[in-house]
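Q: Have a look at the structure that comes next, please.
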Amino acid sequence: MLTVDLAAVRENYRILARRASVPLLPMVKGDAYGLGAVEVARVLNGENPVAFGVASVAEGLELRAAGIRRDIVVFTPTATPDFAAAGAGDLTLCLSDPAQVALWGEMGGRWQLPIDTGMNRAGVSWRDFSALNAVLSAGVPPVGAFTHFHSADTDPLSMTEQEARFETVIASLPTRPASLHTENSAALLQRSGSRFDCARPGIALYGVAPGPATWRPRPAVTLSAPVLELRSVEDGDTVSYGATWRAEGRRRIATLGVGYADGYPRGAGNAATALIHDRRVPVVGLVTMDMTMCDVTDVPCEIGDRVTLIGGDAEHGIAAIAAHAQRSPYEVLTGLRARALRTHRSAPDDAIREVAA
């Protein structure tokens with residue numbers, strides 16, 4: 001079972017807002033990084049964000065269907081056939097193709113200008129002023145402009161270079177867009193006081209600190225599972241696929257009802273530990289699709305007891321599990337949306353309600 005602490009998400013939002021000293025545009029793409037976009041947006045709507053960030057028109061329409069009326073920005077390039085649905089949902093698109101800008105402008109849609117300062121993924125290149133002029137002359141002016149840091153978590157100096165490129169482009173525009181933004185989670189965790197109009201935190205909202213940080217966000221997820229079976233294995237017996245773990249002496253093995261189809265990474269086997277009755281037990285053998293095995297020889301354990309695999313302490317946080325599995329924390333967090341039963345927990349004063357914007 002995956003338990004999402006919405007109070008932790010809200011607390012992380014408030015601290016990030018104080019650090020940024022500007023309004024936030026929280027990213028709730030990928031179903032809020034696997035934690036439930038509708039539930040997260042309803043909680044954060046009460047914090048008066050400038051908008052919500054999603055990756056597709058479908059994600060934006062999901063929030064609209066849930067009653068979220070605040071501005072929603074679709075950050076991934078949108079295919080022209082999706083314009084009608086985006087218009088019906090009153091979504092803000094991020095566009096860099098002149099023909100698309102012209103068509104979207106005719107439809108009365110709002111748009112933001114993505115400026116590529118080194119990511120080389122989407123947007124108008126900071127070097128290509130002819131392409132920039134073509135986009136700007138194709139329709140109504142953009143309501144915002146932004147860039148995305150490619151290495152804020154590993155190379156802080158790269159942020160300075162990218163922001164300088166961004167400001168060069170902004171200075172060349174005939175009119176400054178009303179909303180400029182650059183900072184992602186990694187940037188906000190390293191510095192405070194944005195020079196722009198808003199900031200775009202993502203993974204830090206959900207309890208994970210990418211790269212070096214002067215503040216660690218509060219963990220927001222716990223993954224637990226019941227003990228389904230207990231068995232004794234003899235000296236030399238192996239556990240799971242590939243026989244990658246071999247018992248030294250007689251051991252007691254617990255089989256848990258969780259696997260990589262629930263988002264617990266396969267590579268955590270033979271590396272990570274789990275918590276049962278507040279004591280650590282090793283995860284043994286490769287994690288399988290539906291089951292995970294732990295060595296509980298030294299811990300009193302019965303069928304039906306719950307075991308925590310993610311959460312509980314820093315050693316079992318998303319970043320730690322990702323390191324054990326040799327994967328990105330982003331992959332582990334978003335992977336939790338796969339199959340695990342998801343429940344949301346809120347503090348008594350954390351009303352889950354739609355706040356009109």
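Every chain in the structure tokens has a letter given in the order shown (A, B, ...), and although residue numbers restart at 1 in each chain, ligands are simply numbered from 1 in the order shown.
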Please identify all polymer residues within 7 Å of Val38 (chain A), counting only C-alpha atoms, omitting same-chain residues fewer than 4 positions from it, and present them as a ChimeraX atom specification.
A: /A:42,63,66
Q: Skipping near chain neighbours, those fewer than 5 positions away, what residues fall within 9 Å of Ala204 (chain A) using only C-alpha atoms, listed as a list of chain:residue names?
A: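 What passes the distance filter is A:Val9, A:Asn12, A:Tyr13, A:Leu16, A:Asn184, A:Ser185, A:Ala186, A:Leu188, A:Leu189, A:Ala209, A:Pro210, A:Arg216, A:Pro217, A:Arg218.
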Q: If you run DSSP over the backbone, which residues in region 18-201 of chain A end up strand (DSSP E or B)? Put them as a list in words.
A: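 Here is the list: Leu24, Met27, Phe52, Gly53, Val54, Ile72, Val73, Val74, Thr92, Leu93, Cys94, Trp111, Gln112, Leu113, Pro114, Ile115, Asp116, Val124, Ser125, Gly144, Ala145, Phe146, Ser179, Leu180, His181, Cys198 and Ala199 of chain A.
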Q: Generate a file of the selected residues that holds C-alpha atoms, formatted as a compact mmCIF listing (two decimals), in the first residue's frame.
A:
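This went into selection_0.txt:
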# COMPACT_ATOMS: atom_id res chain seq x y z
CA LEU A 24 5.17 29.01 -7.25
CA MET A 27 4.56 20.69 -11.30
CA PHE A 52 -0.22 24.16 -12.16
CA GLY A 53 2.23 22.50 -14.54
CA VAL A 54 1.34 19.35 -16.48
CA ILE A 72 -2.90 25.05 -16.05
CA VAL A 73 0.24 25.13 -18.21
CA VAL A 74 1.05 22.23 -20.57
CA THR A 92 -2.10 27.42 -21.51
CA LEU A 93 0.22 25.84 -24.08
CA CYS A 94 3.99 26.13 -24.49
CA TRP A 111 0.70 30.51 -24.59
CA GLN A 112 4.15 30.60 -23.08
CA LEU A 113 7.47 30.74 -24.93
CA PRO A 114 9.98 27.98 -24.11
CA ILE A 115 13.56 29.17 -24.62
CA ASP A 116 16.17 26.45 -25.06
CA VAL A 124 13.37 28.13 -29.48
CA SER A 125 17.17 28.12 -29.31
CA GLY A 144 5.15 33.95 -20.16
CA ALA A 145 8.63 32.73 -21.08
CA PHE A 146 10.89 30.21 -19.40
CA SER A 179 5.71 35.76 -16.22
CA LEU A 180 9.36 34.68 -16.43
CA HIS A 181 10.62 31.54 -14.68
CA CYS A 198 7.74 32.55 -10.26
CA ALA A 199 9.48 29.20 -9.73
Q: So which one's closest to Gln100 (chain A), A:Ala41, A:Ala138, A:Met1, A:Ala131? Using only C-alpha atoms, please.
A: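 With only C-alpha atoms as the atom set, the closest residue is A:Ala138.
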Q: Rounded to one decimal in Å, what is the spacing between CA of Met107 (chain A) and CA of Phe83 (chain A)?
A: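 CA of Phe83 (chain A) lies at a distance of 8.7 Å from CA of Met107 (chain A).
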